[in-house]
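S.K.: Structure: start-v4.txt, compact mmCIF, C-alpha atoms.
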# COMPACT_ATOMS: atom_id res chain seq x y z
CA MET A 1 0.00 0.00 0.00
CA GLU A 2 1.35 3.41 -0.97
CA LEU A 3 1.50 5.69 2.05
CA PRO A 4 0.28 9.28 1.74
CA ARG A 5 2.67 12.19 1.90
CA GLN A 6 2.57 13.56 5.45
CA GLU A 7 2.96 17.19 6.41
CA PRO A 8 5.34 17.85 9.31
CA THR A 9 3.71 16.99 12.62
CA PRO A 10 2.56 20.21 14.35
CA ASP A 11 3.43 20.79 17.98
CA LEU A 12 0.06 20.27 19.67
CA THR A 13 1.22 21.06 23.20
CA ILE A 14 -1.18 23.38 25.05
CA THR A 15 0.30 26.13 27.23
CA THR A 16 -0.96 26.48 30.80
CA LEU A 17 -0.55 29.20 33.39
CA GLY A 18 0.43 26.68 36.06
CA PRO A 19 -0.82 23.67 38.04
CA ALA A 20 -4.60 23.42 38.53
CA ARG A 21 -5.17 22.91 42.25
CA ILE A 22 -8.74 24.13 42.82
CA ASP A 23 -11.65 21.67 42.87
CA SER A 24 -13.93 22.43 39.94
CA PRO A 25 -17.65 22.94 40.49
CA MET A 26 -18.06 20.79 37.37
CA ALA A 27 -16.36 17.78 39.01
CA PRO A 28 -19.58 16.01 40.09
CA LEU A 29 -20.58 15.74 36.42
CA LEU A 30 -17.34 13.92 35.63
CA ASP A 31 -17.29 11.24 38.32
CA ALA A 32 -19.11 8.61 36.27
CA THR A 33 -17.66 9.44 32.85
CA GLN A 34 -15.30 7.43 30.69
CA THR A 35 -14.08 7.59 27.11
CA THR A 36 -16.69 6.40 24.62
CA GLU A 37 -17.44 7.10 20.98
CA HIS A 38 -19.36 10.18 22.19
CA TYR A 39 -17.10 11.45 24.98
CA ILE A 40 -13.37 11.70 25.69
CA ASN A 41 -11.88 11.74 29.17
CA GLU A 42 -9.62 14.68 29.94
CA ASN A 43 -6.56 12.39 30.14
CA ASP A 44 -7.17 10.90 26.69
CA ARG A 45 -6.14 12.33 23.29
CA VAL A 46 -7.75 12.79 19.87
CA LEU A 47 -5.42 11.33 17.23
CA LEU A 48 -4.36 13.65 14.42
CA ASP A 49 -4.69 10.86 11.81
CA ASP A 50 -7.81 8.80 11.23
CA THR A 51 -6.65 6.39 8.52
CA LEU A 52 -4.47 3.30 8.76
CA SER A 53 -2.12 4.63 6.08
CA GLY A 54 -1.83 7.97 7.84
CA ILE A 55 -0.99 6.33 11.15
CA SER A 56 1.45 3.90 9.52
CA SER A 57 3.28 6.69 7.72
CA ARG A 58 4.17 8.32 11.04
CA GLY A 59 6.51 5.44 11.79
CA VAL A 60 6.23 5.82 15.57
CA PRO A 61 4.89 3.57 18.36
CA PRO A 62 1.15 3.95 19.11
CA ASP A 63 1.80 5.82 22.37
CA GLN A 64 3.77 8.45 20.44
CA LEU A 65 1.17 9.18 17.77
CA PRO A 66 0.33 12.89 17.57
CA GLY A 67 -2.95 13.82 19.23
CA MET A 68 -4.92 16.75 20.60
CA GLU A 69 -6.25 17.47 24.06
CA PRO A 70 -10.00 16.91 24.27
CA CYS A 71 -12.26 19.75 25.34
CA GLY A 72 -14.47 19.57 28.40
CA PRO A 73 -14.52 20.35 32.13
CA ARG A 74 -11.54 19.36 34.29
CA ARG A 75 -11.72 18.06 37.83
CA LYS A 76 -9.16 20.64 38.94
CA ILE A 77 -9.17 24.26 37.80
CA PHE A 78 -6.61 27.06 37.98
CA PHE A 79 -8.80 30.08 38.70
CA ASP A 80 -10.87 30.57 41.85
CA PRO A 81 -14.31 31.42 40.39
CA ALA A 82 -15.17 33.79 43.24
CA LYS A 83 -12.10 35.90 42.42
CA THR A 84 -12.22 35.64 38.62
CA ARG A 85 -13.12 38.33 36.09
CA ALA A 86 -13.55 37.48 32.42
CA ALA A 87 -13.68 39.68 29.32
CA ILE A 88 -15.08 38.94 25.86
CA VAL A 89 -14.10 40.70 22.63
CA THR A 90 -15.34 40.10 19.06
CA CYS A 91 -13.07 41.12 16.18
CA GLY A 92 -13.03 41.20 12.38
CA GLY A 93 -15.90 40.72 9.95
CA LEU A 94 -19.39 39.63 10.88
CA CYS A 95 -20.41 36.00 10.89
CA PRO A 96 -23.61 34.17 11.89
CA GLY A 97 -23.37 32.96 15.49
CA LEU A 98 -21.33 35.69 17.16
CA ASN A 99 -24.11 36.53 19.59
CA ASP A 100 -24.64 32.83 20.31
CA VAL A 101 -20.97 32.54 21.33
CA ILE A 102 -21.21 35.61 23.58
CA ALA A 103 -24.36 34.29 25.27
CA GLY A 104 -22.84 30.82 25.69
CA LEU A 105 -19.71 32.20 27.32
CA VAL A 106 -21.69 34.36 29.75
CA ARG A 107 -24.05 31.57 30.78
CA THR A 108 -21.33 28.97 31.30
CA LEU A 109 -19.14 31.36 33.30
CA THR A 110 -22.07 32.52 35.43
CA TYR A 111 -24.25 29.46 35.93
CA HIS A 112 -21.64 26.71 36.13
CA TYR A 113 -18.55 28.43 37.53
CA ARG A 114 -20.24 31.27 39.43
CA VAL A 115 -17.83 33.84 37.99
CA ARG A 116 -19.12 37.11 39.40
CA ARG A 117 -18.23 39.55 36.65
CA VAL A 118 -18.07 39.18 32.88
CA ILE A 119 -17.15 42.28 30.85
CA GLY A 120 -17.84 42.91 27.18
CA ILE A 121 -15.25 44.93 25.26
CA ARG A 122 -16.78 47.24 22.68
CA ASN A 123 -15.77 47.35 19.00
CA GLY A 124 -13.01 44.76 18.85
CA TYR A 125 -9.45 45.43 19.93
CA GLN A 126 -10.15 49.19 19.69
CA GLY A 127 -12.20 48.82 22.86
CA PHE A 128 -9.04 48.26 24.92
CA VAL A 129 -7.34 51.43 23.70
CA ALA A 130 -8.16 54.64 25.60
CA ARG A 131 -7.96 57.07 22.66
CA TYR A 132 -10.99 55.46 20.96
CA GLY A 133 -13.17 56.27 23.97
CA HIS A 134 -15.25 53.06 23.89
CA ASP A 135 -16.92 52.01 27.13
CA VAL A 136 -17.20 48.46 28.46
CA VAL A 137 -20.42 46.66 29.31
CA ASP A 138 -21.25 44.21 32.08
CA LEU A 139 -22.65 40.99 30.66
CA THR A 140 -25.13 38.90 32.62
CA PRO A 141 -27.40 36.00 31.65
CA GLU A 142 -30.29 38.46 31.70
CA SER A 143 -28.58 40.94 29.38
CA VAL A 144 -27.71 38.25 26.79
CA ARG A 145 -30.97 36.32 27.02
CA ASP A 146 -32.42 37.46 23.68
CA ILE A 147 -29.34 38.48 21.70
CA THR A 148 -29.21 35.24 19.67
CA THR A 149 -32.29 36.30 17.69
CA ASP A 150 -30.24 39.05 16.05
CA GLY A 151 -27.36 38.86 13.62
CA GLY A 152 -24.03 40.62 14.05
CA THR A 153 -22.48 41.13 17.47
CA VAL A 154 -23.96 43.15 20.33
CA LEU A 155 -20.42 44.10 21.35
CA GLY A 156 -19.50 45.58 17.98
CA THR A 157 -16.34 44.77 16.08
CA SER A 158 -13.43 46.37 14.25
CA ARG A 159 -10.51 45.42 12.05
CA GLY A 160 -6.86 46.30 12.26
CA HIS A 161 -3.86 46.00 14.56
CA GLN A 162 -3.74 47.58 18.02
CA ASP A 163 -0.77 47.85 20.37
CA PRO A 164 -0.68 44.72 22.60
CA GLU A 165 1.01 46.73 25.36
CA GLU A 166 -1.99 49.07 25.55
CA ILE A 167 -4.36 46.11 25.48
CA VAL A 168 -2.60 44.41 28.39
CA ASP A 169 -2.53 47.73 30.27
CA CYS A 170 -6.32 47.76 29.97
CA LEU A 171 -6.62 44.14 31.10
CA GLU A 172 -4.64 45.01 34.20
CA ARG A 173 -6.74 48.11 34.94
CA LEU A 174 -9.91 46.04 34.65
CA HIS A 175 -8.39 43.22 36.79
CA ILE A 176 -9.19 40.68 34.07
CA ASN A 177 -8.08 37.05 34.62
CA ILE A 178 -9.46 35.52 31.40
CA LEU A 179 -9.79 37.04 27.92
CA PHE A 180 -11.96 35.34 25.30
CA VAL A 181 -11.20 36.43 21.73
CA VAL A 182 -13.75 35.65 19.02
CA GLY A 183 -12.22 36.30 15.61
CA GLY A 184 -10.37 35.05 12.55
CA ASP A 185 -6.71 34.36 11.87
CA GLY A 186 -5.72 38.04 12.14
CA SER A 187 -7.50 38.30 15.48
CA MET A 188 -5.79 35.14 16.70
CA ARG A 189 -2.39 36.50 15.70
CA GLY A 190 -3.26 39.56 17.75
CA ALA A 191 -4.31 37.31 20.64
CA MET A 192 -0.92 35.57 20.46
CA GLN A 193 0.81 38.95 20.79
CA ILE A 194 -1.39 39.75 23.78
CA ALA A 195 -0.54 36.39 25.39
CA ARG A 196 3.19 36.97 24.83
CA THR A 197 2.97 40.44 26.39
CA ILE A 198 1.13 38.95 29.36
CA ALA A 199 3.85 36.32 29.78
CA GLU A 200 6.62 38.93 29.54
CA ARG A 201 5.01 40.87 32.38
CA GLY A 202 4.65 37.74 34.48
CA LEU A 203 0.87 38.08 34.67
CA LEU A 204 -1.55 35.19 35.13
CA ILE A 205 -4.15 35.98 32.48
CA ALA A 206 -5.51 33.25 30.19
CA VAL A 207 -6.17 34.05 26.53
CA VAL A 208 -8.53 31.62 24.81
CA GLY A 209 -9.88 31.93 21.27
CA ILE A 210 -13.08 30.87 19.55
CA PRO A 211 -12.05 30.97 15.88
CA LYS A 212 -14.43 32.72 13.50
CA THR A 213 -14.23 32.59 9.73
CA ILE A 214 -17.17 32.42 7.40
CA ASP A 215 -14.83 31.01 4.71
CA ASN A 216 -14.15 27.88 6.83
CA ASP A 217 -10.41 28.26 6.22
CA ILE A 218 -8.93 27.48 9.67
CA PRO A 219 -6.83 24.28 9.69
CA TYR A 220 -7.48 21.33 12.02
CA ILE A 221 -11.13 22.34 12.42
CA ASP A 222 -13.93 20.42 10.68
CA GLN A 223 -16.11 23.51 10.19
CA SER A 224 -16.08 27.00 11.64
CA PHE A 225 -19.23 28.29 13.29
CA GLY A 226 -21.62 30.15 11.00
CA PHE A 227 -20.46 28.21 7.96
CA GLN A 228 -23.59 26.06 7.70
CA THR A 229 -25.81 29.12 7.95
CA ALA A 230 -23.71 30.86 5.30
CA PHE A 231 -23.80 28.16 2.66
CA SER A 232 -27.49 27.52 3.33
CA LEU A 233 -28.32 31.14 2.48
CA ALA A 234 -25.83 31.10 -0.39
CA SER A 235 -27.73 28.18 -1.87
CA ASP A 236 -30.86 30.37 -1.88
CA ALA A 237 -28.98 32.86 -4.05
CA ILE A 238 -28.13 30.05 -6.48
CA ARG A 239 -31.81 29.05 -6.58
CA ALA A 240 -32.77 32.66 -7.39
CA ALA A 241 -30.15 32.85 -10.13
CA GLN A 242 -31.39 29.61 -11.62
CA VAL A 243 -35.02 30.78 -11.62
CA GLU A 244 -34.01 34.05 -13.28
CA ALA A 245 -31.88 32.27 -15.90
CA LYS A 246 -34.60 29.74 -16.78
CA SER A 247 -37.21 32.46 -17.12
CA THR A 248 -35.48 34.24 -20.04
CA ALA A 249 -34.23 33.06 -23.41
CA ASN A 250 -30.58 31.99 -23.19
CA GLY A 251 -30.48 33.27 -19.64
CA ILE A 252 -27.38 33.11 -17.48
CA GLY A 253 -27.27 33.39 -13.70
CA LEU A 254 -24.01 34.48 -12.09
CA VAL A 255 -23.58 34.27 -8.31
CA LYS A 256 -20.52 35.58 -6.48
CA LEU A 257 -19.99 34.12 -3.01
CA MET A 258 -17.50 34.67 -0.23
CA GLY A 259 -14.18 32.85 -0.29
CA ARG A 260 -10.97 34.87 -0.55
CA HIS A 261 -8.63 31.89 -0.65
CA SER A 262 -10.92 28.94 0.07
CA GLY A 263 -13.95 27.91 -1.97
CA PHE A 264 -15.89 25.97 0.65
CA ILE A 265 -19.02 28.16 0.59
CA ALA A 266 -19.21 27.98 -3.21
CA CYS A 267 -18.77 24.19 -3.17
CA TYR A 268 -21.27 23.43 -0.41
CA ALA A 269 -23.87 25.90 -1.68
CA ALA A 270 -23.65 24.45 -5.19
CA LEU A 271 -24.06 20.92 -3.85
CA ALA A 272 -27.02 21.96 -1.71
CA ARG A 273 -28.86 23.47 -4.69
CA SER A 274 -27.56 21.28 -7.57
CA GLY A 275 -28.37 23.94 -10.14
CA ALA A 276 -24.92 25.20 -11.07
CA ASP A 277 -23.29 24.44 -14.40
CA ALA A 278 -19.87 25.69 -13.27
CA VAL A 279 -18.28 26.36 -9.88
CA LEU A 280 -15.11 28.47 -9.81
CA ILE A 281 -12.91 28.52 -6.69
CA PRO A 282 -9.48 29.97 -5.85
CA GLU A 283 -7.90 26.53 -5.46
CA VAL A 284 -8.54 25.49 -9.09
CA PRO A 285 -7.20 27.80 -11.84
CA PHE A 286 -9.37 28.15 -14.94
CA SER A 287 -9.25 29.65 -18.42
CA LEU A 288 -12.00 31.54 -20.19
CA ASP A 289 -11.03 31.13 -23.83
CA GLY A 290 -10.66 28.22 -26.22
CA GLU A 291 -12.94 25.25 -26.83
CA GLN A 292 -12.08 23.85 -23.39
CA GLY A 293 -12.49 27.20 -21.63
CA LEU A 294 -15.32 28.34 -19.38
CA LEU A 295 -17.01 30.58 -21.98
CA ALA A 296 -17.32 27.79 -24.55
CA HIS A 297 -18.65 25.48 -21.82
CA LEU A 298 -21.36 28.01 -20.93
CA ARG A 299 -22.29 28.52 -24.59
CA ARG A 300 -22.76 24.76 -25.01
CA ARG A 301 -24.88 24.56 -21.85
CA VAL A 302 -27.11 27.41 -23.00
CA GLN A 303 -27.53 25.79 -26.41
CA GLU A 304 -28.36 22.41 -24.82
CA ARG A 305 -30.56 23.53 -21.90
CA GLY A 306 -31.59 27.07 -22.71
CA HIS A 307 -29.86 28.55 -19.65
CA ALA A 308 -26.74 28.26 -17.44
CA VAL A 309 -25.71 29.12 -13.88
CA VAL A 310 -22.19 30.02 -12.71
CA VAL A 311 -21.08 30.16 -9.07
CA VAL A 312 -17.79 31.96 -8.42
CA ALA A 313 -15.91 32.47 -5.16
CA GLU A 314 -14.60 36.01 -4.68
CA GLY A 315 -10.96 34.91 -4.78
CA ALA A 316 -11.22 32.88 -7.99
CA GLY A 317 -9.69 34.06 -11.25
CA GLN A 318 -7.49 36.78 -9.76
CA ASP A 319 -4.67 35.84 -12.15
CA LEU A 320 -6.93 36.48 -15.13
CA MET A 321 -7.48 40.08 -13.99
CA GLY A 322 -3.80 40.86 -13.47
CA GLY A 323 -3.28 39.27 -10.07
CA ILE A 324 -3.80 40.54 -6.54
CA ASP A 325 -2.30 43.95 -5.77
CA GLU A 326 -0.14 43.12 -2.73
CA ASP A 327 0.53 46.83 -2.10
CA GLU A 328 -3.14 47.65 -1.54
CA ARG A 329 -4.50 46.19 1.71
CA ASP A 330 -7.56 46.53 3.90
CA ALA A 331 -7.64 47.35 7.64
CA SER A 332 -6.98 43.71 8.50
CA GLY A 333 -3.85 43.60 6.36
CA ASN A 334 -5.42 41.44 3.64
CA ALA A 335 -4.46 42.24 0.07
CA ARG A 336 -7.46 43.71 -1.73
CA LEU A 337 -9.02 41.39 -4.29
CA ARG A 338 -10.06 42.48 -7.73
CA ASP A 339 -13.83 42.13 -8.17
CA ILE A 340 -14.34 38.93 -10.18
CA GLY A 341 -18.14 39.28 -10.40
CA PRO A 342 -18.67 42.33 -12.65
CA TRP A 343 -15.52 41.44 -14.63
CA LEU A 344 -16.76 37.92 -15.35
CA ARG A 345 -20.21 39.25 -16.21
CA ARG A 346 -18.69 41.53 -18.86
CA ARG A 347 -16.58 38.72 -20.34
CA ILE A 348 -19.58 36.39 -20.58
CA ALA A 349 -21.72 39.11 -22.20
CA ASP A 350 -19.00 39.94 -24.73
CA HIS A 351 -18.51 36.25 -25.62
CA PHE A 352 -22.19 35.66 -26.31
CA SER A 353 -22.47 38.91 -28.24
CA ASP A 354 -19.50 37.95 -30.43
CA ALA A 355 -21.13 34.56 -31.05
CA GLY A 356 -24.34 36.28 -32.15
CA ILE A 357 -26.37 34.86 -29.26
CA GLU A 358 -28.75 37.18 -27.48
CA THR A 359 -28.68 36.59 -23.72
CA SER A 360 -29.57 38.15 -20.41
CA ILE A 361 -27.28 37.87 -17.39
CA ARG A 362 -28.57 38.10 -13.83
CA TYR A 363 -25.78 38.87 -11.36
CA ILE A 364 -26.28 38.24 -7.62
CA ASP A 365 -23.83 39.07 -4.81
CA PRO A 366 -25.42 38.16 -1.44
CA SER A 367 -22.24 38.47 0.65
CA TYR A 368 -23.33 41.05 3.25
CA ALA A 369 -26.83 39.61 3.47
CA ILE A 370 -25.33 36.20 4.31
CA ARG A 371 -22.86 37.20 6.99
CA SER A 372 -25.23 39.49 8.90
CA VAL A 373 -28.04 37.02 9.67
CA PRO A 374 -28.64 35.06 12.90
CA ALA A 375 -27.26 31.54 13.08
CA ASN A 376 -29.46 28.64 12.07
CA PRO A 377 -30.26 26.00 14.74
CA TYR A 378 -27.28 23.80 13.84
CA ASP A 379 -24.80 26.65 14.13
CA SER A 380 -26.49 27.90 17.31
CA VAL A 381 -25.90 24.53 18.98
CA TYR A 382 -22.33 24.46 17.68
CA CYS A 383 -21.66 27.94 19.09
CA VAL A 384 -22.98 26.95 22.51
CA ARG A 385 -20.72 23.89 22.62
CA LEU A 386 -17.69 25.89 21.51
CA SER A 387 -18.33 28.53 24.15
CA GLN A 388 -18.70 25.91 26.87
CA ALA A 389 -15.44 24.28 25.77
CA ALA A 390 -13.66 27.65 25.79
CA VAL A 391 -14.77 28.39 29.36
CA HIS A 392 -13.69 24.96 30.62
CA ALA A 393 -10.26 25.42 29.01
CA ALA A 394 -9.79 28.94 30.39
CA MET A 395 -10.86 28.08 33.93
CA SER A 396 -8.34 25.22 33.96
CA GLY A 397 -5.55 27.71 33.21
CA ARG A 398 -4.97 26.90 29.54
CA THR A 399 -3.92 29.83 27.40
CA GLU A 400 -2.83 30.85 23.88
CA MET A 401 -5.12 28.21 22.40
CA VAL A 402 -8.41 27.92 20.53
CA VAL A 403 -11.25 25.44 20.72
CA GLY A 404 -12.63 23.63 17.69
CA ARG A 405 -14.12 20.40 16.44
CA TYR A 406 -11.80 17.96 14.69
CA ARG A 407 -13.09 14.66 13.32
CA ARG A 408 -16.34 15.22 15.28
CA ARG A 409 -14.42 15.69 18.55
CA PHE A 410 -14.07 19.00 20.38
CA VAL A 411 -10.38 19.67 20.95
CA HIS A 412 -7.82 22.22 22.17
CA ILE A 413 -5.58 23.61 19.42
CA PRO A 414 -2.56 25.86 20.02
CA MET A 415 -3.07 29.29 18.44
CA ARG A 416 0.20 28.96 16.57
CA VAL A 417 -1.15 25.81 14.88
CA ALA A 418 -4.53 27.37 14.11
CA VAL A 419 -2.84 30.18 12.15
CA SER A 420 -0.01 28.08 10.69
CA ARG A 421 -1.66 27.62 7.30
CA ARG A 422 -4.98 28.04 5.50
CA ASN A 423 -7.58 25.30 5.13
CA GLN A 424 -8.51 24.97 1.46
CA VAL A 425 -10.55 22.79 -0.84
CA ASP A 426 -8.35 19.92 -2.04
CA PRO A 427 -8.56 19.76 -5.86
CA HIS A 428 -7.87 16.02 -5.51
CA GLY A 429 -10.30 15.49 -2.63
CA ASP A 430 -13.79 14.07 -2.44
CA LEU A 431 -15.51 17.44 -1.95
CA TRP A 432 -14.26 18.82 -5.26
CA MET A 433 -15.03 15.48 -6.92
CA ALA A 434 -18.61 15.77 -5.65
CA VAL A 435 -18.85 19.27 -7.13
CA LEU A 436 -17.59 18.04 -10.51
CA GLU A 437 -20.14 15.23 -10.44
CA SER A 438 -22.94 17.65 -9.55
CA THR A 439 -22.15 20.31 -12.17
CA GLY A 440 -20.86 18.10 -14.96
CA GLN A 441 -18.07 20.60 -15.60
CA PRO A 442 -14.64 19.34 -16.74
CA VAL A 443 -11.86 18.72 -14.24
CA ARG A 444 -10.20 21.92 -15.49
CA PHE A 445 -11.36 24.67 -17.82
CA GLY A 446 -8.65 25.15 -20.41
Any chance you could give the structure as structure tokens?
M.R.:
Amino acid sequence: MELPRQEPTPDLTITTLGPARIDSPMAPLLDATQTTEHYINENDRVLLDDTLSGISSRGVPPDQLPGMEPCGPRRKIFFDPAKTRAAIVTCGGLCPGLNDVIAGLVRTLTYHYRVRRVIGIRNGYQGFVARYGHDVVDLTPESVRDITTDGGTVLGTSRGHQDPEEIVDCLERLHINILFVVGGDGSMRGAMQIARTIAERGLLIAVVGIPKTIDNDIPYIDQSFGFQTAFSLASDAIRAAQVEAKSTANGIGLVKLMGRHSGFIACYAALARSGADAVLIPEVPFSLDGEQGLLAHLRRRVQERGHAVVVVAEGAGQDLMGGIDEDERDASGNARLRDIGPWLRRRIADHFSDAGIETSIRYIDPSYAIRSVPANPYDSVYCVRLSQAAVHAAMSGRTEMVVGRYRRRFVHIPMRVAVSRRNQVDPHGDLWMAVLESTGQPVRFG
């Protein structure tokens, strides 16, 4: 059997603030537990590999196989709940489920650990910095009771770097023991800087992340929260584009979805609706021209079926438009993408006009409508479980780590590992194969 090529094994060690010596109020729940297919004891590990070939390729004894700490309450905790103050901050772009995470953190801290004060930081990392003038808000179970019915974040958010020294100054002034950061890879890099500054000052403040990315591009996590809500609504946009395209002669529907570097939303939404004739993602280059190009493929589909639908992720086709301008960046430091949607619409229109085929193109970009909605029930449950896991980890003294679900298990992941690379659609994987089967498009255009 040919063994797969293995990436270097990441260091999955979780940093702690020190020994946990305090009896946890959650301990009575743990007395009768053991590892099963549905639960993992705190002393067990979740293996990094889940195939025989993957395990064999490591070439190490079974007790040395790489694995992750499981999430969940510990019998001993580091922080005394009666003397603990926690803070919550949400950073970066909006995503369904942010309010669910906030509410879950507050309830778990208050109801299960009896933490007496939970503080919300306004408007992302700016809220720590005095010159912005943002106030803080006390969060209680009563104040967060109904926030999950709304999209966005009740705490507000912002993008961009802030001085970690000023942030830690604020944490000290507020007497914070635990900081929960809800954000994407840029926010987690900022959280790592905060944790390092805390360590340099010799402070005992835990920094725990709940990773947020609507693009689902964080490694070692099955799916990020809000992703299911996002691709569900994205599939509605595909349905609308298909209806519009079928209702006019030689109609074409074009839908642009989120996905700067990873095409997961485009893939899942297209599979959910099964109406797309072509899905374009950043991971798979494509050509427009020639008999094997995208434009000829669309012309054939229109001639055969009377209409066609194209789904494109925002990061696809950047090379065709001259490449990404690395010198022009947004507040988060991301290079600004060229807008593939209107550009592709013009190229399709010109191609059909040159071929003498009259067509109408309906272009839909639902990006902001998707990211601003409340979470669906699945994502709401997922957010609650992530927030519970984050509180258990923080109260036990773990720091500079994030919580996530890996191979259906909730695990602790070092922040450095969570930002070490980008999760992307594998052009040789089963997800992309399923998309090709669904659309009937060739393996590559061009």
S.K.: Could you give me, as CSV, a per-residue list for region 180-276 of chain A showing, wherever an atom lies at most 6 Å from an atom of region 399-418 of chain A, the closest pair of atoms and their distance in Å to one decimal, using all atoms listed in the file and sorting by chain then residue number from low to high?
M.R.:
residue,atom,partner,partner_atom,distance
A:Ala206,CA,A:Thr399,CA,4.7
A:Val207,CA,A:Thr399,CA,4.9
A:Val208,CA,A:Met401,CA,5.4
A:Gly209,CA,A:Val402,CA,4.3
A:Ile210,CA,A:Val402,CA,5.6
A:Pro219,CA,A:Ala418,CA,5.9
A:Ile221,CA,A:Tyr406,CA,5.0
A:Asp222,CA,A:Tyr406,CA,5.2
S.K.: Could you take the residues named above and write them with C-alpha atoms, as a compact mmCIF listing (two decimals), in the coordinates of the input?
M.R.:
# COMPACT_ATOMS: atom_id res chain seq x y z
CA ALA A 206 -5.51 33.25 30.19
CA VAL A 207 -6.17 34.05 26.53
CA VAL A 208 -8.53 31.62 24.81
CA GLY A 209 -9.88 31.93 21.27
CA ILE A 210 -13.08 30.87 19.55
CA PRO A 219 -6.83 24.28 9.69
CA ILE A 221 -11.13 22.34 12.42
CA ASP A 222 -13.93 20.42 10.68
S.K.: What's the separation between CA of Gln126 (chain A) and CA of Arg159 (chain A), in Å to one decimal place?
M.R.: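 A separation of 8.5 Å between them.
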S.K.: Which neighbours of Glu283 (chain A) fall inside 9 Å, counting all atoms listed in the file, when residues of the same chain fewer than 6 positions from it are skipped, and could you give them as a list in words?
M.R.: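 Contacts, with the query itself left out: His261, Ser262, Gly263, Gly315, Ala316, Gln424, Val425, Asp426 and Pro427 of chain A.
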S.K.: When distances are computed from all atoms listed in the file, which of A:Ala369, A:Val89, A:Met258, A:Val136 shows the smallest separation from Ile178 (chain A)?
M.R.: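 For Ile178 (chain A), the nearest of the candidates is A:Val89.
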S.K.: Find, counting all atoms listed in the file, the residue in A:Leu29, A:Cys95, A:Ile364, A:Met188 that gets nearest to Asp150 (chain A).
M.R.: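 Using all atoms listed in the file, Asp150 (chain A) sits closest to A:Cys95.
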S.K.: Do you have the CA of His161 (chain A)-CA of Ser224 (chain A) distance handy?
M.R.: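 Straight-line distance from CA of His161 (chain A) to CA of Ser224 (chain A) works out to 22.8 Å.
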S.K.: Find the spatial neighbours of Ile198 (chain A), counting only C-alpha atoms, within a cut-off of 10 Å - ignore same-chain residues fewer than 2 positions away - and output them as number ranges by chain.
M.R.: A: 164-165, 167-169, 171-172, 192-196, 200-207
S.K.: Please determine, counting only C-alpha atoms, which residue among A:Ile265, A:Val284, A:Ala199, A:Ile348 has the shortest atom-to-atom distance to Gln223 (chain A).
M.R.: A:Ile265
S.K.: Kindly give the distance, in Å, that separates CA of Gly156 (chain A) and CA of Pro96 (chain A), rounded to a single decimal.
M.R.: 13.6 Å
S.K.: Calculated over all atoms listed in the file, which of the candidates A:Ala20, A:Ala390, A:Ile119, A:Val181 has the smallest distance to Leu105 (chain A)?
M.R.: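 Using all atoms listed in the file, Leu105 (chain A) sits closest to A:Ala390.
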S.K.: Kindly indicate which residue among A:Pro61, A:Thr110, A:Asp49, A:Pro8 lies nearest to Val391 (chain A), using all atoms listed in the file for the distances.
M.R.: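 Going through A:Pro61, A:Thr110, A:Asp49, A:Pro8 one by one, the smallest distance to Val391 (chain A) is for A:Thr110.
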S.K.: Just checking: using all atoms listed in the file, which residue out of A:Arg398, A:Arg58, A:Arg385, A:Arg347 ends up closest to Ile102 (chain A)?
M.R.: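 Once distances to Ile102 (chain A) are computed over all atoms listed in the file, the minimum belongs to A:Arg385.
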S.K.: Which polymer residues have any atom within 12 Å of an atom of Thr36 (chain A), counting only C-alpha atoms, with same-chain residues fewer than 5 positions away left out, as a list of chain:residue names?
M.R.: A:Asn41, A:Asp44, A:Val46, A:Arg409
S.K.: Can you tell me, as AutoDock Vina command-line options, the centre and edge lengths (Å, one decimal) of the axis-aligned box enclosing all of region 293-302 of chain A's listed atoms after padding each side by 3 Å?
M.R.:
--center_x -19.8 --center_y 27.6 --center_z -22.2 --size_x 20.6 --size_y 12.0 --size_z 11.6
S.K.: Considering all atoms listed in the file, return as a ChimeraX atom specification whatever protein or nucleic-acid residues lie within 6 Å of Ile252 (chain A), sequence-local ones (same chain, fewer than 3 positions apart) excluded.
M.R.: /A:245,307-309,361
S.K.: Got time to write the residues from that selection, C-alpha atoms, as a PDB file, keeping the file's coordinate frame?
M.R.:
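Dumped to selection16.pdb:
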ATOM      1  CA  ALA A 245     -31.880  32.270 -15.900  1.00  0.00           C
ATOM      2  CA  HIS A 307     -29.860  28.550 -19.650  1.00  0.00           C
ATOM      3  CA  ALA A 308     -26.740  28.260 -17.440  1.00  0.00           C
ATOM      4  CA  VAL A 309     -25.710  29.120 -13.880  1.00  0.00           C
ATOM      5  CA  ILE A 361     -27.280  37.870 -17.390  1.00  0.00           C
TER       6      ILE A 361
END
S.K.: Can you list, as an NGL selection string, every protein, DNA or RNA residue that comes within 10 Å of Arg239 (chain A) when you count all atoms listed in the file, leaving out same-chain residues fewer than 2 positions away?
M.R.: :A and (233-237 or 241-245 or 253 or 255 or 269-270 or 272-276 or 309)
S.K.: Just give me the residues with any atom within 12 Å of (-14.1, 8.6, 28.0), file coordinates, counting all atoms listed in the file, written as a PyMOL selection string.
M.R.: chain A and resi 30-46+70-72+409
